Amino acid sequence: MTPNLQIELRRFISSNVVSKLNKFYFENDALLIKGIDVSIGTILMGLYNKAEEPDFYSEIVAMVEEDSTFYQEVDFNAGRILSVDDCYRLEGNDLLKELFANKKGRISEMVSNEVGIKSETAREILNFSALLVISYLRANLQLLESLKLLLEDQKRDILNSIPPGIKIILGFSSYETVEEKNQSIGRSIFTLFGHNFFSF
């Protein structure tokens, strides 16, 4: 059965995880959940953008060690994070550099602005989300072969979970604009001819 990556990853964000994360950040729980959701979608689209780079997926997954603190704290079969500490601050940052390079700072600021959370919180939950997504793939290595197709198939839903400003940074603005322009041109033609035909 083909997994829906967003749904699978959202399973790990329980109220207990949110509560433990908020010991560090003191944000509104709903905003923190939204921030994590946006971050997960952003990471997935970052992976989508790297699909054409040979061996990128296997290389980034190899950066997560099985004996790393975060990896040991996740029960992948049950979809649970057993413990939450701040180990992801360092472990996740290297993954973000690989995914986004010099766009990392702009993306984190945009998460902060679009979701309405502090800049520091946005930076850290991006680290957390990067580590969660890549660790999930590390635990499900069989997905790597079909990851490009999975992301392509689920792209529309993932993009719908990402605010416009982040889509632009990720390079999806022209696609969205073309689609909107085509729809508006279609409406204009319909209005023009429709009015002429039906106004007699």
# chains A, B, ... in the order shown; residues from 1 in each chain; ligands from 1

call {"tool": "residues_around", "arguments": {"residues": "Leu132 in chain A", "least_positions_apart": "3", "cutoff": "9 Å", "atoms": "only C-alpha atoms", "output": "list in words"}}
result
Leu9, Phe12, Ile40, Phe70, Tyr71, Val74, Tyr88, Gly92, Asn127, Phe128, Ser129, Ser135, Tyr136 and Leu137 of chain A

call {"tool": "write_last_selection", "arguments": {"atoms": "all heavy atoms", "output": "short mmCIF file (atom, residue, chain, number, x, y, z; two decimals), in the first residue's frame"}}
result
data_model
loop_
_atom_site.label_atom_id
_atom_site.label_comp_id
_atom_site.auth_asym_id
_atom_site.auth_seq_id
_atom_site.Cartn_x
_atom_site.Cartn_y
_atom_site.Cartn_z
N LEU A 9 3.48 11.13 8.61
CA LEU A 9 4.36 11.97 9.45
C LEU A 9 3.56 12.74 10.50
O LEU A 9 4.04 12.95 11.62
CB LEU A 9 5.16 12.92 8.56
CG LEU A 9 6.24 12.21 7.72
CD1 LEU A 9 6.66 13.07 6.54
CD2 LEU A 9 7.45 11.85 8.59
N PHE A 12 2.97 11.30 14.12
CA PHE A 12 3.96 11.42 15.19
C PHE A 12 3.75 12.66 16.06
O PHE A 12 4.30 12.76 17.15
CB PHE A 12 5.38 11.49 14.59
CG PHE A 12 5.82 10.21 13.93
CD1 PHE A 12 5.61 9.99 12.58
CD2 PHE A 12 6.44 9.21 14.67
CE1 PHE A 12 5.99 8.80 11.97
CE2 PHE A 12 6.84 8.02 14.07
CZ PHE A 12 6.63 7.82 12.72
N ILE A 40 6.82 20.28 7.85
CA ILE A 40 6.87 18.94 7.24
C ILE A 40 6.63 19.05 5.73
O ILE A 40 7.36 18.46 4.91
CB ILE A 40 5.85 17.99 7.90
CG1 ILE A 40 6.34 17.59 9.30
CG2 ILE A 40 5.63 16.74 7.04
CD1 ILE A 40 5.31 16.82 10.12
N PHE A 70 17.91 11.29 18.52
CA PHE A 70 16.54 11.44 18.03
C PHE A 70 16.02 10.11 17.48
O PHE A 70 14.90 9.71 17.79
CB PHE A 70 16.48 12.52 16.95
CG PHE A 70 15.08 12.82 16.46
CD1 PHE A 70 14.30 13.77 17.08
CD2 PHE A 70 14.54 12.14 15.36
CE1 PHE A 70 13.01 14.04 16.63
CE2 PHE A 70 13.26 12.41 14.91
CZ PHE A 70 12.49 13.36 15.55
N TYR A 71 16.82 9.45 16.66
CA TYR A 71 16.39 8.21 16.02
C TYR A 71 16.00 7.16 17.07
O TYR A 71 15.03 6.42 16.90
CB TYR A 71 17.50 7.67 15.11
CG TYR A 71 17.03 6.63 14.12
CD1 TYR A 71 16.48 7.02 12.90
CD2 TYR A 71 17.13 5.27 14.40
CE1 TYR A 71 16.05 6.07 11.98
CE2 TYR A 71 16.70 4.32 13.48
CZ TYR A 71 16.16 4.73 12.28
OH TYR A 71 15.73 3.80 11.37
N VAL A 74 12.33 7.49 18.67
CA VAL A 74 11.12 7.36 17.85
C VAL A 74 10.76 5.89 17.67
O VAL A 74 11.61 5.07 17.32
CB VAL A 74 11.32 8.02 16.46
CG1 VAL A 74 10.03 7.93 15.65
CG2 VAL A 74 11.75 9.47 16.61
N TYR A 88 17.48 17.67 18.48
CA TYR A 88 17.21 17.94 17.06
C TYR A 88 17.77 19.29 16.62
O TYR A 88 17.91 19.55 15.43
CB TYR A 88 15.71 17.87 16.77
CG TYR A 88 14.89 18.80 17.62
CD1 TYR A 88 14.72 20.12 17.28
CD2 TYR A 88 14.29 18.33 18.80
CE1 TYR A 88 13.99 20.97 18.07
CE2 TYR A 88 13.54 19.18 19.59
CZ TYR A 88 13.40 20.50 19.23
OH TYR A 88 12.68 21.35 20.02
N GLY A 92 19.20 18.28 13.26
CA GLY A 92 18.35 18.69 12.14
C GLY A 92 18.95 19.78 11.28
O GLY A 92 18.68 19.87 10.09
N ASN A 127 14.14 22.37 12.15
CA ASN A 127 15.15 21.35 12.49
C ASN A 127 14.47 20.05 12.90
O ASN A 127 14.84 18.96 12.45
CB ASN A 127 16.04 21.83 13.63
CG ASN A 127 17.00 22.93 13.21
OD1 ASN A 127 17.33 23.06 12.05
ND2 ASN A 127 17.44 23.72 14.17
N PHE A 128 13.48 20.18 13.78
CA PHE A 128 12.73 19.02 14.28
C PHE A 128 12.06 18.28 13.13
O PHE A 128 12.15 17.05 13.01
CB PHE A 128 11.68 19.50 15.30
CG PHE A 128 10.72 18.43 15.75
CD1 PHE A 128 11.06 17.56 16.77
CD2 PHE A 128 9.47 18.31 15.15
CE1 PHE A 128 10.17 16.57 17.19
CE2 PHE A 128 8.58 17.33 15.56
CZ PHE A 128 8.93 16.46 16.57
N SER A 129 11.39 19.03 12.25
CA SER A 129 10.65 18.42 11.14
C SER A 129 11.59 17.75 10.15
O SER A 129 11.29 16.67 9.63
CB SER A 129 9.80 19.48 10.43
OG SER A 129 8.87 20.05 11.34
N SER A 135 14.44 10.85 9.27
CA SER A 135 14.49 9.65 10.12
C SER A 135 13.42 8.64 9.70
O SER A 135 13.66 7.43 9.69
CB SER A 135 14.29 10.01 11.59
OG SER A 135 15.36 10.79 12.07
N TYR A 136 12.24 9.14 9.35
CA TYR A 136 11.17 8.27 8.87
C TYR A 136 11.62 7.53 7.61
O TYR A 136 11.39 6.33 7.47
CB TYR A 136 9.91 9.11 8.59
CG TYR A 136 8.79 8.34 7.96
CD1 TYR A 136 7.95 7.54 8.71
CD2 TYR A 136 8.57 8.41 6.58
CE1 TYR A 136 6.90 6.82 8.11
CE2 TYR A 136 7.55 7.70 5.97
CZ TYR A 136 6.72 6.91 6.74
OH TYR A 136 5.70 6.20 6.15
N LEU A 137 12.26 8.25 6.70
CA LEU A 137 12.77 7.62 5.48
C LEU A 137 13.90 6.64 5.80
O LEU A 137 14.03 5.60 5.17
CB LEU A 137 13.25 8.68 4.49
CG LEU A 137 12.15 9.60 3.92
CD1 LEU A 137 12.77 10.72 3.09
CD2 LEU A 137 11.15 8.80 3.09
#

call {"tool": "residues_around", "arguments": {"residues": "range 159-164 of chain A", "least_positions_apart": "5", "cutoff": "12 Å", "atoms": "only C-alpha atoms", "output": "PyMOL selection string"}}
result
chain A and resi 6-7+34-46+48+107+110-116+151-154+169-177

call {"tool": "select_by_dssp", "arguments": {"residues": "range 12-197 of chain A", "states": "helix (DSSP H, G or I)", "output": "PyMOL selection string"}}
result
chain A and resi 15-25+29-49+56-62+69-72+88-115+119-139+141-160+164-170+173-197

call {"tool": "write_last_selection", "arguments": {"atoms": "C-alpha atoms", "output": "short mmCIF file (atom, residue, chain, number, x, y, z; two decimals), in the first residue's frame"}}
result
data_model
loop_
_atom_site.label_atom_id
_atom_site.label_comp_id
_atom_site.auth_asym_id
_atom_site.auth_seq_id
_atom_site.Cartn_x
_atom_site.Cartn_y
_atom_site.Cartn_z
CA SER A 15 -0.63 16.28 21.94
CA ASN A 16 2.06 14.87 24.22
CA VAL A 17 4.80 15.80 21.72
CA VAL A 18 3.34 19.31 21.30
CA SER A 19 3.19 19.74 25.07
CA LYS A 20 6.82 18.67 25.46
CA LEU A 21 7.98 20.92 22.64
CA ASN A 22 6.17 23.84 24.21
CA LYS A 23 8.35 23.50 27.30
CA PHE A 24 11.00 25.11 25.09
CA TYR A 25 8.93 27.59 23.06
CA ASP A 29 -0.49 24.81 20.79
CA ALA A 30 -2.57 25.24 17.62
CA LEU A 31 0.05 27.53 16.06
CA LEU A 32 2.84 25.15 17.01
CA ILE A 33 0.98 22.25 15.34
CA LYS A 34 0.39 24.40 12.25
CA GLY A 35 4.07 25.38 12.22
CA ILE A 36 5.16 21.74 12.34
CA ASP A 37 2.66 20.81 9.62
CA VAL A 38 3.93 23.62 7.37
CA SER A 39 7.53 22.59 8.14
CA ILE A 40 6.87 18.94 7.24
CA GLY A 41 5.33 20.01 3.91
CA THR A 42 8.28 22.34 3.29
CA ILE A 43 10.79 19.54 3.93
CA LEU A 44 8.90 17.19 1.59
CA MET A 45 8.93 19.80 -1.19
CA GLY A 46 12.62 20.39 -0.51
CA LEU A 47 13.13 16.69 -1.17
CA TYR A 48 10.98 16.93 -4.28
CA ASN A 49 13.26 19.67 -5.62
CA PHE A 56 20.81 12.71 -3.00
CA TYR A 57 18.09 10.74 -1.19
CA SER A 58 20.41 7.94 -0.11
CA GLU A 59 23.09 10.44 0.92
CA ILE A 60 20.84 12.61 3.08
CA VAL A 61 19.25 9.56 4.72
CA ALA A 62 22.74 8.24 5.51
CA THR A 69 19.61 10.43 20.02
CA PHE A 70 16.54 11.44 18.03
CA TYR A 71 16.39 8.21 16.02
CA GLN A 72 16.48 6.18 19.23
CA TYR A 88 17.21 17.94 17.06
CA ARG A 89 18.62 21.49 17.20
CA LEU A 90 22.01 20.23 16.05
CA GLU A 91 21.02 17.03 14.30
CA GLY A 92 18.35 18.69 12.14
CA ASN A 93 20.36 21.75 11.17
CA ASP A 94 22.81 19.83 8.98
CA LEU A 95 19.90 18.25 7.09
CA LEU A 96 18.36 21.68 6.42
CA LYS A 97 21.68 22.92 5.02
CA GLU A 98 21.73 20.00 2.59
CA LEU A 99 18.12 20.57 1.53
CA PHE A 100 17.96 24.35 1.29
CA ALA A 101 21.56 25.69 1.39
CA ASN A 102 21.42 29.50 1.51
CA LYS A 103 17.58 29.57 1.48
CA LYS A 104 17.38 28.04 4.96
CA GLY A 105 17.21 31.37 6.83
CA ARG A 106 14.61 32.86 4.49
CA ILE A 107 12.42 29.77 4.79
CA SER A 108 12.54 29.82 8.57
CA GLU A 109 11.64 33.54 8.65
CA MET A 110 8.76 32.87 6.28
CA VAL A 111 7.47 30.05 8.51
CA SER A 112 7.59 32.49 11.42
CA ASN A 113 5.74 35.22 9.49
CA GLU A 114 3.14 33.02 7.79
CA VAL A 115 2.26 30.90 10.85
CA SER A 119 11.58 33.29 14.73
CA GLU A 120 13.46 31.02 17.12
CA THR A 121 10.53 28.61 17.28
CA ALA A 122 10.31 28.50 13.47
CA ARG A 123 14.03 27.71 13.20
CA GLU A 124 13.83 24.91 15.73
CA ILE A 125 10.65 23.24 14.47
CA LEU A 126 12.17 23.21 10.97
CA ASN A 127 15.15 21.35 12.49
CA PHE A 128 12.73 19.02 14.28
CA SER A 129 10.65 18.42 11.14
CA ALA A 130 13.71 17.80 8.96
CA LEU A 131 14.97 15.21 11.40
CA LEU A 132 11.54 13.58 11.68
CA VAL A 133 11.06 13.33 7.89
CA ILE A 134 14.56 12.04 7.15
CA SER A 135 14.49 9.65 10.12
CA TYR A 136 11.17 8.27 8.87
CA LEU A 137 12.77 7.62 5.48
CA ARG A 138 15.80 6.10 7.24
CA ALA A 139 13.46 3.66 8.98
CA LEU A 141 14.49 2.65 3.24
CA GLN A 142 12.29 0.78 0.76
CA LEU A 143 10.51 4.10 0.08
CA LEU A 144 13.61 5.71 -1.38
CA GLU A 145 13.27 3.94 -4.72
CA SER A 146 9.78 5.31 -5.27
CA LEU A 147 10.17 8.58 -3.32
CA LYS A 148 10.31 10.77 -6.43
CA LEU A 149 7.06 9.26 -7.74
CA LEU A 150 5.40 9.46 -4.33
CA LEU A 151 6.24 13.15 -4.00
CA GLU A 152 5.10 13.82 -7.55
CA ASP A 153 1.80 12.05 -6.90
CA GLN A 154 1.21 13.87 -3.58
CA LYS A 155 2.65 17.25 -4.62
CA ARG A 156 -0.69 19.06 -4.95
CA ASP A 157 -1.84 18.15 -1.41
CA ILE A 158 1.58 18.95 0.06
CA LEU A 159 1.69 22.34 -1.66
CA ASN A 160 -1.80 23.10 -0.35
CA PRO A 164 2.25 31.16 -0.54
CA GLY A 165 5.45 32.88 0.62
CA ILE A 166 7.18 29.56 1.25
CA LYS A 167 6.00 28.18 -2.11
CA ILE A 168 7.67 31.13 -3.82
CA ILE A 169 11.00 30.51 -2.06
CA LEU A 170 10.78 26.83 -3.01
CA SER A 173 5.41 30.48 -7.88
CA SER A 174 5.54 30.44 -11.70
CA TYR A 175 3.54 27.18 -11.91
CA GLU A 176 0.86 28.57 -9.60
CA THR A 177 0.75 31.90 -11.49
CA VAL A 178 0.43 30.24 -14.90
CA GLU A 179 -2.44 28.09 -13.63
CA GLU A 180 -4.24 31.13 -12.19
CA LYS A 181 -3.69 33.17 -15.37
CA ASN A 182 -5.07 30.38 -17.55
CA GLN A 183 -8.18 30.18 -15.38
CA SER A 184 -8.71 33.93 -15.44
CA ILE A 185 -8.22 34.05 -19.24
CA GLY A 186 -10.83 31.30 -19.57
CA ARG A 187 -13.24 33.28 -17.40
CA SER A 188 -12.62 36.47 -19.40
CA ILE A 189 -13.34 34.74 -22.72
CA PHE A 190 -16.47 33.11 -21.30
CA THR A 191 -17.67 36.44 -19.91
CA LEU A 192 -16.97 38.24 -23.18
CA PHE A 193 -18.65 35.73 -25.46
CA GLY A 194 -21.24 34.65 -22.92
CA HIS A 195 -22.39 38.23 -22.49
CA ASN A 196 -22.58 38.81 -26.22
CA PHE A 197 -24.46 35.60 -26.92
#

call {"tool": "select_by_dssp", "arguments": {"residues": "range 47-112 of chain A", "states": "strand (DSSP E or B)", "output": "list in words"}}
result
Val74, Asp75, Arg80 and Ile81 of chain A

call {"tool": "atom_distance", "arguments": {"atom1": "CA of Val84 in chain A", "atom2": "CA of Ile117 in chain A"}}
result
19.7 Å

call {"tool": "atom_distance", "arguments": {"atom1": "CA of Cys87 in chain A", "atom2": "CA of Val64 in chain A"}}
result
12.5 Å

call {"tool": "atom_distance", "arguments": {"atom1": "CA of Asp67 in chain A", "atom2": "CA of Glu53 in chain A"}}
result
27.1 Å

call {"tool": "closest_residue", "arguments": {"among": "A:Ile13, A:Lys50, A:Glu65, A:Asn28", "to": "Gly79 in chain A", "atoms": "only C-alpha atoms"}}
result
A:Ile13
